[in-house]
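work-v6.tsv follows; it contains TSV, C-alpha atoms and all ligand atoms.
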```tsv
chain	number	residue	atom	x	y	z
R	1	MET	CA	-6.61	5.60	-23.21
R	2	LYS	CA	-8.98	2.64	-23.46
R	3	MET	CA	-8.81	-0.13	-20.81
R	4	GLN	CA	-7.85	-2.64	-23.52
R	5	ASP	CA	-4.85	-0.50	-24.52
R	6	LEU	CA	-3.82	0.01	-20.90
R	7	ARG	CA	-4.10	-3.74	-20.38
R	8	ALA	CA	-1.74	-4.41	-23.30
R	9	LYS	CA	0.69	-1.78	-22.02
R	10	LEU	CA	0.72	-2.55	-18.27
R	11	ASP	CA	-0.66	-5.98	-17.43
R	12	SER	CA	2.48	-8.06	-18.08
R	13	ALA	CA	1.29	-11.17	-16.20
R	14	ASP	CA	-2.38	-10.75	-17.21
R	15	MET	CA	-4.04	-10.16	-13.85
R	16	LEU	CA	-7.21	-9.17	-15.69
R	17	GLY	CA	-7.21	-12.57	-17.41
R	18	ARG	CA	-6.83	-14.22	-14.00
R	19	VAL	CA	-9.93	-12.40	-12.77
R	20	MET	CA	-11.80	-13.30	-15.94
R	21	VAL	CA	-11.11	-17.03	-15.55
R	22	PHE	CA	-12.68	-17.05	-12.08
R	23	PRO	CA	-15.71	-19.13	-13.23
R	24	ALA	CA	-13.38	-21.82	-14.62
R	25	GLN	CA	-11.35	-21.66	-11.40
R	26	MET	CA	-14.57	-22.14	-9.44
R	27	GLN	CA	-15.33	-25.32	-11.39
R	28	ASP	CA	-11.84	-26.75	-10.90
R	29	ALA	CA	-11.79	-25.77	-7.22
R	30	TRP	CA	-15.23	-27.31	-6.63
R	31	ARG	CA	-14.05	-30.60	-8.17
R	32	ILE	CA	-10.81	-30.61	-6.15
R	33	GLY	CA	-12.77	-29.77	-3.01
R	34	ALA	CA	-15.29	-32.55	-3.64
R	35	ASP	CA	-12.52	-35.14	-4.02
R	36	PHE	CA	-10.82	-33.94	-0.86
R	37	ALA	CA	-14.04	-33.69	1.12
R	38	ARG	CA	-14.21	-37.50	1.23
R	39	THR	CA	-11.18	-37.31	3.53
R	40	ALA	CA	-12.81	-34.57	5.55
R	41	ALA	CA	-16.00	-36.64	5.88
R	42	THR	CA	-14.20	-38.85	8.41
R	43	LEU	CA	-14.07	-35.71	10.60
R	44	ASN	CA	-17.78	-35.94	11.09
R	45	ALA	CA	-17.09	-38.39	13.89
R	46	THR	CA	-14.56	-36.05	15.54
R	47	LYS	CA	-15.80	-33.73	18.27
R	48	PHE	CA	-14.80	-30.10	17.88
R	49	SER	CA	-16.38	-26.97	19.23
R	50	ARG	CA	-15.02	-24.40	16.76
R	51	VAL	CA	-13.25	-24.10	13.43
R	52	VAL	CA	-10.00	-22.14	13.23
R	53	ILE	CA	-8.77	-21.09	9.80
R	54	ALA	CA	-5.17	-19.86	9.86
R	55	GLY	CA	-3.80	-17.89	6.95
R	56	MET	CA	-2.53	-14.52	5.82
R	57	GLY	CA	-3.49	-12.08	3.08
R	58	GLY	CA	-5.05	-13.61	0.00
R	59	SER	CA	-5.17	-17.05	1.65
R	60	ALA	CA	-6.96	-15.77	4.74
R	61	ILE	CA	-9.76	-14.15	2.76
R	62	GLY	CA	-11.03	-17.57	1.64
R	63	GLY	CA	-11.76	-18.34	5.30
R	64	ASP	CA	-13.41	-14.95	5.81
R	65	LEU	CA	-15.65	-15.53	2.80
R	66	ALA	CA	-16.55	-19.03	4.02
R	67	ARG	CA	-17.56	-17.61	7.42
R	68	SER	CA	-19.52	-14.76	5.81
R	69	PHE	CA	-21.36	-17.10	3.48
R	70	LEU	CA	-22.31	-19.63	6.15
R	71	GLY	CA	-23.26	-16.94	8.65
R	72	ASP	CA	-25.22	-18.28	11.59
R	73	SER	CA	-26.07	-21.49	9.72
R	74	ALA	CA	-22.64	-22.79	10.82
R	75	ARG	CA	-23.03	-25.30	13.66
R	76	VAL	CA	-19.96	-23.95	15.50
R	77	PRO	CA	-18.11	-20.61	15.41
R	78	ILE	CA	-15.52	-20.15	12.63
R	79	VAL	CA	-12.61	-17.97	13.69
R	80	SER	CA	-9.57	-16.65	11.82
R	81	CYS	CA	-5.98	-16.76	12.98
R	82	ARG	CA	-3.76	-14.18	11.26
R	83	ASP	CA	-0.69	-14.37	13.47
R	84	HIS	CA	2.28	-16.51	14.43
R	85	ARG	CA	0.59	-17.10	17.73
R	86	LEU	CA	-2.43	-19.35	18.04
R	87	PRO	CA	-3.67	-19.23	21.65
R	88	ALA	CA	-4.03	-22.68	23.19
R	89	ASN	CA	-7.57	-21.85	24.33
R	90	VAL	CA	-8.52	-21.12	20.71
R	91	ALA	CA	-6.82	-24.20	19.28
R	92	ARG	CA	-8.19	-26.56	21.92
R	93	GLU	CA	-11.14	-28.63	20.67
R	94	ALA	CA	-10.84	-26.97	17.26
R	95	LEU	CA	-10.98	-28.25	13.73
R	96	PHE	CA	-7.87	-26.43	12.48
R	97	ILE	CA	-7.46	-25.57	8.80
R	98	ALA	CA	-4.13	-24.13	7.64
R	99	SER	CA	-4.61	-22.12	4.47
R	100	SER	CA	-1.49	-20.98	2.67
R	101	TYR	CA	-1.35	-20.79	-1.09
R	102	SER	CA	2.45	-21.02	-1.28
R	103	GLY	CA	2.67	-23.21	1.80
R	104	ASN	CA	5.63	-21.11	2.94
R	105	THR	CA	4.03	-18.32	4.97
R	106	ALA	CA	5.76	-18.17	8.34
R	107	GLU	CA	2.73	-17.08	10.37
R	108	THR	CA	0.58	-19.93	9.01
R	109	LEU	CA	3.35	-22.46	9.61
R	110	ALA	CA	3.77	-21.25	13.19
R	111	ALA	CA	0.01	-21.52	13.79
R	112	TYR	CA	0.10	-25.02	12.27
R	113	ASP	CA	2.83	-26.06	14.72
R	114	ALA	CA	0.87	-24.61	17.64
R	115	ALA	CA	-2.30	-26.38	16.53
R	116	ARG	CA	-0.44	-29.72	16.51
R	117	GLU	CA	-0.35	-29.60	20.27
R	118	HIS	CA	-3.98	-28.76	20.92
R	119	ALA	CA	-6.36	-29.10	17.96
R	120	ALA	CA	-8.92	-31.90	17.79
R	121	ALA	CA	-8.35	-32.34	14.06
R	122	MET	CA	-6.21	-30.73	11.38
R	123	LEU	CA	-6.30	-30.14	7.63
R	124	ALA	CA	-4.56	-27.87	5.15
R	125	VAL	CA	-5.34	-26.17	1.86
R	126	THR	CA	-2.17	-25.36	-0.07
R	127	SER	CA	-0.40	-25.64	-3.42
R	128	GLY	CA	2.65	-27.24	-1.75
R	129	GLY	CA	5.72	-25.77	-0.02
R	130	GLU	CA	6.70	-26.36	3.57
R	131	LEU	CA	3.09	-26.71	4.71
R	132	ALA	CA	2.52	-29.67	2.37
R	133	ARG	CA	5.79	-31.19	3.60
R	134	ARG	CA	4.80	-30.83	7.25
R	135	CYS	CA	1.37	-32.29	6.54
R	136	GLU	CA	2.95	-35.31	4.90
R	137	ARG	CA	5.36	-35.74	7.80
R	138	ASP	CA	2.54	-35.48	10.36
R	139	HIS	CA	-0.08	-37.43	8.36
R	140	VAL	CA	-2.30	-34.35	8.23
R	141	PRO	CA	-4.56	-34.44	5.15
R	142	SER	CA	-3.84	-31.60	2.74
R	143	CYS	CA	-6.01	-30.46	-0.12
R	144	ILE	CA	-3.54	-29.68	-2.90
R	145	ILE	CA	-4.55	-26.84	-5.23
R	146	PRO	CA	-2.77	-25.87	-8.48
R	147	ALA	CA	0.45	-23.82	-8.14
R	148	GLY	CA	1.69	-20.85	-10.15
R	149	ILE	CA	-1.01	-18.24	-9.45
R	150	PRO	CA	-0.63	-15.07	-7.32
R	151	PRO	CA	-2.39	-16.15	-4.08
R	152	ARG	CA	-5.01	-13.37	-4.24
R	153	ALA	CA	-5.98	-14.54	-7.72
R	154	ALA	CA	-6.45	-18.10	-6.41
R	155	ILE	CA	-9.36	-17.09	-4.18
R	156	GLY	CA	-11.65	-19.74	-5.70
R	157	TYR	CA	-9.11	-22.39	-4.72
R	158	SER	CA	-9.04	-21.28	-1.10
R	159	LEU	CA	-12.77	-20.69	-0.72
R	160	LEU	CA	-14.55	-23.58	-2.44
R	161	PRO	CA	-12.52	-26.50	-1.03
R	162	THR	CA	-12.89	-24.90	2.41
R	163	LEU	CA	-16.66	-24.86	1.96
R	164	GLN	CA	-16.65	-28.49	0.88
R	165	ILE	CA	-14.49	-29.41	3.86
R	166	LEU	CA	-16.82	-27.61	6.28
R	167	ARG	CA	-19.86	-29.28	4.77
R	168	ALA	CA	-18.27	-32.76	4.86
R	169	ALA	CA	-17.13	-32.20	8.45
R	170	GLY	CA	-20.72	-31.45	9.44
R	171	VAL	CA	-20.10	-27.76	10.23
R	172	ALA	CA	-22.70	-26.57	7.76
R	173	SER	CA	-25.12	-27.80	5.19
R	174	PHE	CA	-25.82	-26.02	1.94
R	175	ASP	CA	-27.07	-27.23	-1.36
R	176	ASP	CA	-25.01	-27.73	-4.53
R	177	SER	CA	-27.53	-25.44	-6.23
R	178	GLU	CA	-25.92	-22.51	-4.30
R	179	TYR	CA	-22.69	-23.25	-6.13
R	180	GLU	CA	-24.39	-23.72	-9.53
R	181	GLU	CA	-26.17	-20.39	-9.16
R	182	ALA	CA	-22.97	-18.63	-8.04
R	183	LEU	CA	-21.14	-20.04	-11.06
R	184	LYS	CA	-23.77	-18.58	-13.38
R	185	ALA	CA	-23.57	-15.23	-11.60
R	186	ALA	CA	-19.77	-15.24	-11.89
R	187	ARG	CA	-20.03	-15.85	-15.64
R	188	GLN	CA	-22.46	-12.95	-15.90
R	189	CYS	CA	-20.04	-10.71	-13.99
R	190	VAL	CA	-17.24	-11.58	-16.40
R	191	SER	CA	-19.42	-10.54	-19.30
R	192	ASN	CA	-20.69	-7.38	-17.50
R	193	TYR	CA	-17.31	-6.19	-16.23
R	194	GLY	CA	-15.01	-7.32	-19.07
R	195	PRO	CA	-12.80	-4.76	-20.84
R	196	GLU	CA	-14.70	-4.86	-24.16
R	197	ASP	CA	-17.10	-2.21	-22.87
R	198	ASP	CA	-14.93	0.64	-21.68
R	199	ARG	CA	-17.74	2.18	-19.60
R	200	ASN	CA	-18.65	-1.03	-17.71
R	201	PRO	CA	-19.57	-0.60	-13.99
R	202	ALA	CA	-16.20	-1.89	-12.72
R	203	GLY	CA	-14.34	0.52	-14.98
R	204	GLU	CA	-16.59	3.35	-13.79
R	205	LEU	CA	-15.88	2.42	-10.18
R	206	ALA	CA	-12.15	2.55	-10.92
R	207	ARG	CA	-12.58	6.01	-12.46
R	208	THR	CA	-14.39	7.20	-9.32
R	209	LEU	CA	-11.50	5.93	-7.20
R	210	HIS	CA	-8.69	7.31	-9.35
R	211	GLY	CA	-6.67	9.80	-7.27
R	212	ARG	CA	-8.75	9.09	-4.17
R	213	THR	CA	-8.67	6.68	-1.22
R	214	ALA	CA	-11.40	4.07	-0.81
R	215	PHE	CA	-13.14	3.56	2.53
R	216	VAL	CA	-15.03	0.29	2.13
R	217	TYR	CA	-17.89	-0.11	4.58
R	218	ALA	CA	-20.28	-3.02	5.13
R	219	ALA	CA	-22.17	-4.82	7.87
R	220	PRO	CA	-20.46	-7.69	9.72
R	221	ALA	CA	-22.62	-10.11	7.75
R	222	LEU	CA	-22.64	-11.59	4.24
R	223	LEU	CA	-20.38	-8.90	2.77
R	224	GLU	CA	-17.94	-8.69	5.68
R	225	GLY	CA	-15.24	-10.70	3.90
R	226	VAL	CA	-15.95	-8.93	0.60
R	227	ALA	CA	-15.32	-5.48	2.14
R	228	ARG	CA	-11.90	-6.63	3.28
R	229	ARG	CA	-11.29	-8.25	-0.10
R	230	TRP	CA	-12.08	-5.01	-1.98
R	231	SER	CA	-9.70	-3.09	0.25
R	232	CYS	CA	-6.89	-5.66	-0.10
R	233	GLN	CA	-7.34	-5.89	-3.87
R	234	PHE	CA	-7.05	-2.09	-4.15
R	235	ASN	CA	-3.84	-2.35	-2.10
R	236	GLU	CA	-2.21	-5.21	-3.95
R	237	ASN	CA	-3.44	-4.76	-7.52
R	238	ALA	CA	-3.82	-0.99	-7.77
R	239	LYS	CA	-0.98	-0.17	-5.32
R	240	THR	CA	-3.10	2.30	-3.40
R	241	LEU	CA	-4.18	2.65	0.20
R	242	ALA	CA	-7.69	1.60	1.10
R	243	HIS	CA	-9.49	0.97	4.35
R	244	PHE	CA	-12.40	-1.18	5.48
R	245	ALA	CA	-14.67	-0.97	8.53
R	246	TYR	CA	-18.09	-2.15	9.61
R	247	PHE	CA	-21.39	-0.62	10.67
R	248	PRO	CA	-22.58	-0.21	13.38
R	249	GLU	CA	-19.16	-0.22	15.09
R	250	LEU	CA	-17.69	2.52	12.90
R	251	ASN	CA	-20.52	4.81	13.98
R	252	HIS	CA	-19.09	4.67	17.50
R	253	ASN	CA	-15.63	6.00	16.63
R	254	GLU	CA	-14.52	6.34	13.01
R	255	ILE	CA	-17.47	8.56	12.09
R	256	VAL	CA	-16.01	11.38	14.21
R	257	GLY	CA	-12.72	11.22	12.32
R	258	TRP	CA	-14.41	12.42	9.14
R	259	GLU	CA	-14.55	15.92	10.62
R	260	VAL	CA	-10.87	16.46	9.83
R	261	GLY	CA	-11.31	19.53	7.63
R	262	ASP	CA	-10.97	19.03	3.88
R	263	LEU	CA	-8.63	16.04	4.08
R	264	MET	CA	-11.37	13.48	3.48
R	265	LYS	CA	-12.53	15.21	0.30
R	266	ARG	CA	-10.06	12.90	-1.42
R	267	ALA	CA	-11.75	9.83	0.07
R	268	VAL	CA	-14.65	7.87	-1.36
R	269	ILE	CA	-16.95	5.78	0.82
R	270	LEU	CA	-18.01	2.54	-0.84
R	271	TYR	CA	-20.88	1.04	1.13
R	272	LEU	CA	-21.64	-2.61	0.37
R	273	GLU	CA	-25.11	-3.60	1.47
R	274	ASP	CA	-27.03	-6.84	1.45
R	275	ARG	CA	-30.66	-7.63	2.11
R	276	ASP	CA	-29.75	-10.02	4.97
R	277	ASP	CA	-27.95	-7.25	6.90
R	278	HIS	CA	-29.61	-6.56	10.23
R	279	PRO	CA	-32.32	-3.88	9.72
R	280	LEU	CA	-30.91	-1.76	12.53
R	281	THR	CA	-27.44	-2.00	11.03
R	282	ARG	CA	-28.88	-0.76	7.73
R	283	ARG	CA	-30.48	2.12	9.59
R	284	HIS	CA	-27.13	2.84	11.28
R	285	ALA	CA	-25.53	2.96	7.84
R	286	ASP	CA	-28.17	5.35	6.48
R	287	VAL	CA	-27.84	7.75	9.39
R	288	GLY	CA	-24.04	7.41	9.62
R	289	LEU	CA	-23.55	8.03	5.90
R	290	SER	CA	-25.77	11.10	5.98
R	291	LEU	CA	-23.57	12.53	8.78
R	292	MET	CA	-20.34	11.72	6.91
R	293	LYS	CA	-21.60	13.02	3.55
R	294	PRO	CA	-20.53	16.67	3.95
R	295	PHE	CA	-16.93	15.55	4.61
R	296	ALA	CA	-16.43	12.76	2.02
R	297	GLY	CA	-15.40	13.24	-1.61
R	298	ALA	CA	-18.24	10.92	-2.65
R	299	ILE	CA	-20.40	8.10	-1.32
R	300	GLU	CA	-21.28	5.15	-3.56
R	301	ARG	CA	-23.68	2.43	-2.45
R	302	PHE	CA	-23.54	-1.09	-3.85
R	303	ASP	CA	-26.50	-3.37	-3.32
R	304	ALA	CA	-25.63	-7.05	-3.63
R	305	PRO	CA	-27.49	-8.41	-6.67
R	306	THR	CA	-30.46	-10.74	-6.25
R	307	GLY	CA	-29.91	-14.48	-5.79
R	308	GLY	CA	-28.64	-16.91	-3.17
R	309	ARG	CA	-26.04	-16.00	-0.56
R	310	LEU	CA	-23.00	-17.44	-2.36
R	311	SER	CA	-24.04	-15.83	-5.62
R	312	ARG	CA	-24.57	-12.40	-4.02
R	313	MET	CA	-21.30	-12.59	-2.15
R	314	LEU	CA	-19.16	-13.66	-5.11
R	315	ALA	CA	-20.80	-11.27	-7.58
R	316	THR	CA	-20.03	-8.36	-5.22
R	317	MET	CA	-16.49	-9.63	-4.75
R	318	LEU	CA	-15.94	-9.78	-8.52
R	319	LEU	CA	-17.03	-6.16	-9.02
R	320	GLY	CA	-14.20	-5.16	-6.67
R	321	ASP	CA	-11.70	-7.56	-8.25
R	322	PHE	CA	-12.32	-6.11	-11.72
R	323	ALA	CA	-12.31	-2.53	-10.43
R	324	SER	CA	-8.97	-3.09	-8.65
R	325	VAL	CA	-7.32	-4.17	-11.91
R	326	TYR	CA	-8.81	-1.23	-13.83
R	327	LEU	CA	-7.65	1.09	-11.07
R	328	ALA	CA	-4.13	-0.32	-11.48
R	329	TYR	CA	-4.33	0.60	-15.17
R	330	LEU	CA	-5.49	4.15	-14.37
R	331	ASN	CA	-2.66	4.41	-11.81
R	332	GLY	CA	-0.22	3.36	-14.54
R	333	VAL	CA	0.97	0.28	-12.64
R	334	ASP	CA	1.25	-3.43	-13.36
R	335	PRO	CA	-1.36	-5.15	-11.14
R	336	THR	CA	0.60	-8.38	-10.55
R	337	PRO	CA	3.91	-7.61	-8.77
R	338	VAL	CA	3.76	-7.06	-5.00
R	339	LYS	CA	7.39	-6.11	-4.54
R	340	LYS	CA	7.07	-4.94	-0.94
R	341	ILE	CA	5.45	-8.21	0.18
R	342	ASP	CA	8.19	-10.17	-1.61
R	343	ALA	CA	10.94	-8.04	-0.05
R	344	LEU	CA	9.33	-8.34	3.38
R	345	LYS	CA	9.12	-12.14	3.16
R	346	LYS	CA	12.74	-12.35	1.99
R	347	GLU	CA	13.99	-10.20	4.85
R	348	MET	CA	11.90	-12.06	7.44
R	349	SER	CA	13.21	-15.43	6.28
R	350	ARG	CA	16.86	-14.42	6.91
F	1	LIG	C1	-0.27	-12.19	-2.91
F	1	LIG	C2	-1.21	-12.17	-1.79
F	1	LIG	C3	-0.66	-12.16	-0.39
F	1	LIG	C4	-0.44	-13.61	0.13
F	1	LIG	C5	0.11	-13.60	1.56
F	1	LIG	C6	0.23	-14.98	2.15
F	1	LIG	O1	-0.97	-12.37	-4.12
F	1	LIG	O2	-2.39	-12.15	-1.99
F	1	LIG	O3	-1.58	-11.47	0.43
F	1	LIG	O4	-1.64	-14.31	0.08
F	1	LIG	O5	1.36	-12.97	1.57
F	1	LIG	O6	0.91	-15.85	1.30
F	1	LIG	P1	0.28	-17.29	1.00
F	1	LIG	O7	-1.06	-17.01	0.41
F	1	LIG	O8	1.20	-17.92	0.02
F	1	LIG	O9	0.21	-18.00	2.31
```
Once more with this new file: its structure as structure tokens, please.
Amino acid sequence: MKMQDLRAKLDSADMLGRVMVFPAQMQDAWRIGADFARTAATLNATKFSRVVIAGMGGSAIGGDLARSFLGDSARVPIVSCRDHRLPANVAREALFIASSYSGNTAETLAAYDAAREHAAAMLAVTSGGELARRCERDHVPSCIIPAGIPPRAAIGYSLLPTLQILRAAGVASFDDSEYEEALKAARQCVSNYGPEDDRNPAGELARTLHGRTAFVYAAPALLEGVARRWSCQFNENAKTLAHFAYFPELNHNEIVGWEVGDLMKRAVILYLEDRDDHPLTRRHADVGLSLMKPFAGAIERFDAPTGGRLSRMLATMLLGDFASVYLAYLNGVDPTPVKKIDALKKEMSR
């Protein structure tokens, strides 16, 4: 069956359409972020020695991508908090950003409460919910993003305002031209990976993954957040297990696990590489992959396209986003519902 036909049959809430509107989402998110950044600019005078971004799942990835993009150009370390517990020694002297699309995620709310006691400054990025209410109560500025989108499909709304906030707060400096270039690249991705051409590279990637498990590998550099994003999108959209890990660390443990007989013949290694990756890490990947090759079903390498850092990062992310929706189609599932996450949240809130 053609992808277009599978889309009509399975994609009840149009997840593919949500991926395809990413460039428009980028524009809206950039504008919202710019308006909000005027508030964040006052933070420039506040002293903080790290940034903590608290969030879960789709809302946490925005922080990961921000950290990956800024790399070592960030003036202070940017750390993630994906738990109810935010250690006091992490929160202390931090610029704390709570990122929850719904505003109702218990872990993020708990981290917010913990940060109230210790953080040097606080902000939130949310579409509303309890987080927006607490921010209003506590006079914590919140950047309000549009509601009604599955959080993972609102990635532009969590990433771009966060970047604007970090720039306005003096954490990093980057030029608007990075954004303009990334927007162009995103538009190109939509035309390259759209469903009109049934054999487009994202569709081909989905075909490679059909009936197999993806092991997404990258360096802990520009594509670190993207590797996690690919894996999570395969989980949530395609309803399939996937795994991510990083070179060189995986060469010190995980590499040995590939020797488990024929089991890994149903696994595909997807290695995401970027020209800014450390040369020795690239060498580690080459050698490690050659040792894993006899055991893996297949190894596919993806070189980030040319261009600036934001453009390379988002173009690579979009390839995975499209592929995850096509993989859902091949798996015969609707990409949008995440019933187990919904059931889990309901049970936990009792
Ligand atoms: C659902 C999704 C999830 C949520 C996560 C946290 O599309 O991506 O991973 O992002 O359950 O919820 P929020 O984002 O509302 O804080």
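A straight line drawn from CA of Ile61 (chain R) to CA of Arg92 (chain R) is 22.9 Å long.
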Once you count all atoms listed in the file, what closest atom pair and distance in Å to one decimal does each residue of chain R within 9 Å of ligand LIG 1 (chain F) have, with rows by chain and rising residue number, as JSON lines?
```
{"residue": "R:Gly55", "atom": "CA", "partner": "F:LIG1", "partner_atom": "O9", "distance": 6.1}
{"residue": "R:Met56", "atom": "CA", "partner": "F:LIG1", "partner_atom": "C6", "distance": 4.6}
{"residue": "R:Gly57", "atom": "CA", "partner": "F:LIG1", "partner_atom": "O3", "distance": 3.3}
{"residue": "R:Gly58", "atom": "CA", "partner": "F:LIG1", "partner_atom": "O4", "distance": 3.5}
{"residue": "R:Ser59", "atom": "CA", "partner": "F:LIG1", "partner_atom": "O7", "distance": 4.3}
{"residue": "R:Ala60", "atom": "CA", "partner": "F:LIG1", "partner_atom": "O4", "distance": 7.2}
{"residue": "R:Ile61", "atom": "CA", "partner": "F:LIG1", "partner_atom": "O4", "distance": 8.6}
{"residue": "R:Ser99", "atom": "CA", "partner": "F:LIG1", "partner_atom": "O9", "distance": 6.7}
{"residue": "R:Ser100", "atom": "CA", "partner": "F:LIG1", "partner_atom": "O9", "distance": 3.4}
{"residue": "R:Tyr101", "atom": "CA", "partner": "F:LIG1", "partner_atom": "O8", "distance": 4.0}
{"residue": "R:Ser102", "atom": "CA", "partner": "F:LIG1", "partner_atom": "O8", "distance": 3.6}
{"residue": "R:Gly103", "atom": "CA", "partner": "F:LIG1", "partner_atom": "O8", "distance": 5.8}
{"residue": "R:Asn104", "atom": "CA", "partner": "F:LIG1", "partner_atom": "O8", "distance": 6.2}
{"residue": "R:Thr105", "atom": "CA", "partner": "F:LIG1", "partner_atom": "O9", "distance": 4.7}
{"residue": "R:Ala106", "atom": "CA", "partner": "F:LIG1", "partner_atom": "O9", "distance": 8.2}
{"residue": "R:Glu107", "atom": "CA", "partner": "F:LIG1", "partner_atom": "O9", "distance": 8.5}
{"residue": "R:Thr108", "atom": "CA", "partner": "F:LIG1", "partner_atom": "O9", "distance": 7.0}
{"residue": "R:Thr126", "atom": "CA", "partner": "F:LIG1", "partner_atom": "O9", "distance": 8.1}
{"residue": "R:Ser127", "atom": "CA", "partner": "F:LIG1", "partner_atom": "O8", "distance": 8.6}
{"residue": "R:Ile149", "atom": "CA", "partner": "F:LIG1", "partner_atom": "O1", "distance": 7.9}
{"residue": "R:Pro150", "atom": "CA", "partner": "F:LIG1", "partner_atom": "O1", "distance": 4.2}
{"residue": "R:Pro151", "atom": "CA", "partner": "F:LIG1", "partner_atom": "O1", "distance": 4.0}
{"residue": "R:Arg152", "atom": "CA", "partner": "F:LIG1", "partner_atom": "O2", "distance": 3.7}
{"residue": "R:Ala153", "atom": "CA", "partner": "F:LIG1", "partner_atom": "O1", "distance": 6.5}
{"residue": "R:Ala154", "atom": "CA", "partner": "F:LIG1", "partner_atom": "O1", "distance": 8.3}
{"residue": "R:Ile155", "atom": "CA", "partner": "F:LIG1", "partner_atom": "O2", "distance": 8.8}
{"residue": "R:Cys232", "atom": "CA", "partner": "F:LIG1", "partner_atom": "O3", "distance": 7.9}
{"residue": "R:Gln233", "atom": "CA", "partner": "F:LIG1", "partner_atom": "O2", "distance": 8.2}
{"residue": "R:Glu236", "atom": "CA", "partner": "F:LIG1", "partner_atom": "O2", "distance": 7.2}
{"residue": "R:Asn237", "atom": "CA", "partner": "F:LIG1", "partner_atom": "O1", "distance": 8.7}
{"residue": "R:Thr336", "atom": "CA", "partner": "F:LIG1", "partner_atom": "O1", "distance": 7.7}
{"residue": "R:Pro337", "atom": "CA", "partner": "F:LIG1", "partner_atom": "O1", "distance": 8.3}
{"residue": "R:Val338", "atom": "CA", "partner": "F:LIG1", "partner_atom": "C1", "distance": 6.9}
{"residue": "R:Ile341", "atom": "CA", "partner": "F:LIG1", "partner_atom": "O5", "distance": 6.4}
{"residue": "R:Asp342", "atom": "CA", "partner": "F:LIG1", "partner_atom": "O5", "distance": 8.0}
{"residue": "R:Lys345", "atom": "CA", "partner": "F:LIG1", "partner_atom": "O5", "distance": 8.0}
```
Which of R:Met15, R:Phe295, R:His210, R:Met317 sits closest to Asp262 (chain R) [using all atoms listed in the file]: R:Phe295
Pick from R:Gly33, R:Gly308, R:Pro87, R:Gly128, whichever lies nearest to Asp175 (chain R) using only C-alpha atoms: R:Gly308
Which of R:Asp197, R:Asp35, R:Glu254, R:Asp11 sits closest to Leu289 (chain R) [using all atoms listed in the file]: R:Glu254
Nearest candidate to Val51 (chain R) (options R:Trp230, R:Phe96, R:Phe322, R:Phe22; using only C-alpha atoms): R:Phe96
Region 52-61 of chain R dumped to file, N, CA, C and O atoms, as a short mmCIF file (atom, residue, chain, number, x, y, z; two decimals), in the first residue's frame:
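Dumped to decode.cif:
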```
data_model
loop_
_atom_site.label_atom_id
_atom_site.label_comp_id
_atom_site.auth_asym_id
_atom_site.auth_seq_id
_atom_site.Cartn_x
_atom_site.Cartn_y
_atom_site.Cartn_z
N VAL R 52 19.02 24.92 34.65
CA VAL R 52 18.37 23.62 34.83
C VAL R 52 17.06 23.65 34.06
O VAL R 52 16.24 24.55 34.27
N ILE R 53 16.90 22.69 33.15
CA ILE R 53 15.63 22.61 32.42
C ILE R 53 14.92 21.34 32.88
O ILE R 53 15.43 20.23 32.69
N ALA R 54 13.77 21.52 33.53
CA ALA R 54 13.02 20.37 34.05
C ALA R 54 11.87 20.06 33.12
O ALA R 54 11.12 20.96 32.72
N GLY R 55 11.73 18.80 32.76
CA GLY R 55 10.62 18.39 31.90
C GLY R 55 10.70 16.91 31.67
O GLY R 55 11.69 16.25 32.02
N MET R 56 9.65 16.36 31.10
CA MET R 56 9.60 14.93 30.80
C MET R 56 9.23 14.72 29.34
O MET R 56 8.50 15.53 28.76
N GLY R 57 9.67 13.59 28.80
CA GLY R 57 9.25 13.17 27.46
C GLY R 57 9.44 14.25 26.41
O GLY R 57 10.50 14.88 26.31
N GLY R 58 8.39 14.46 25.63
CA GLY R 58 8.45 15.41 24.52
C GLY R 58 8.84 16.81 24.96
O GLY R 58 9.46 17.56 24.19
N SER R 59 8.50 17.19 26.19
CA SER R 59 8.84 18.54 26.66
C SER R 59 10.29 18.64 27.13
O SER R 59 10.84 19.74 27.21
N ALA R 60 10.89 17.51 27.47
CA ALA R 60 12.29 17.54 27.92
C ALA R 60 13.23 17.64 26.72
O ALA R 60 14.33 18.21 26.82
N ILE R 61 12.80 17.08 25.61
CA ILE R 61 13.68 17.03 24.43
C ILE R 61 14.05 18.44 23.95
O ILE R 61 15.15 18.66 23.44
#
```
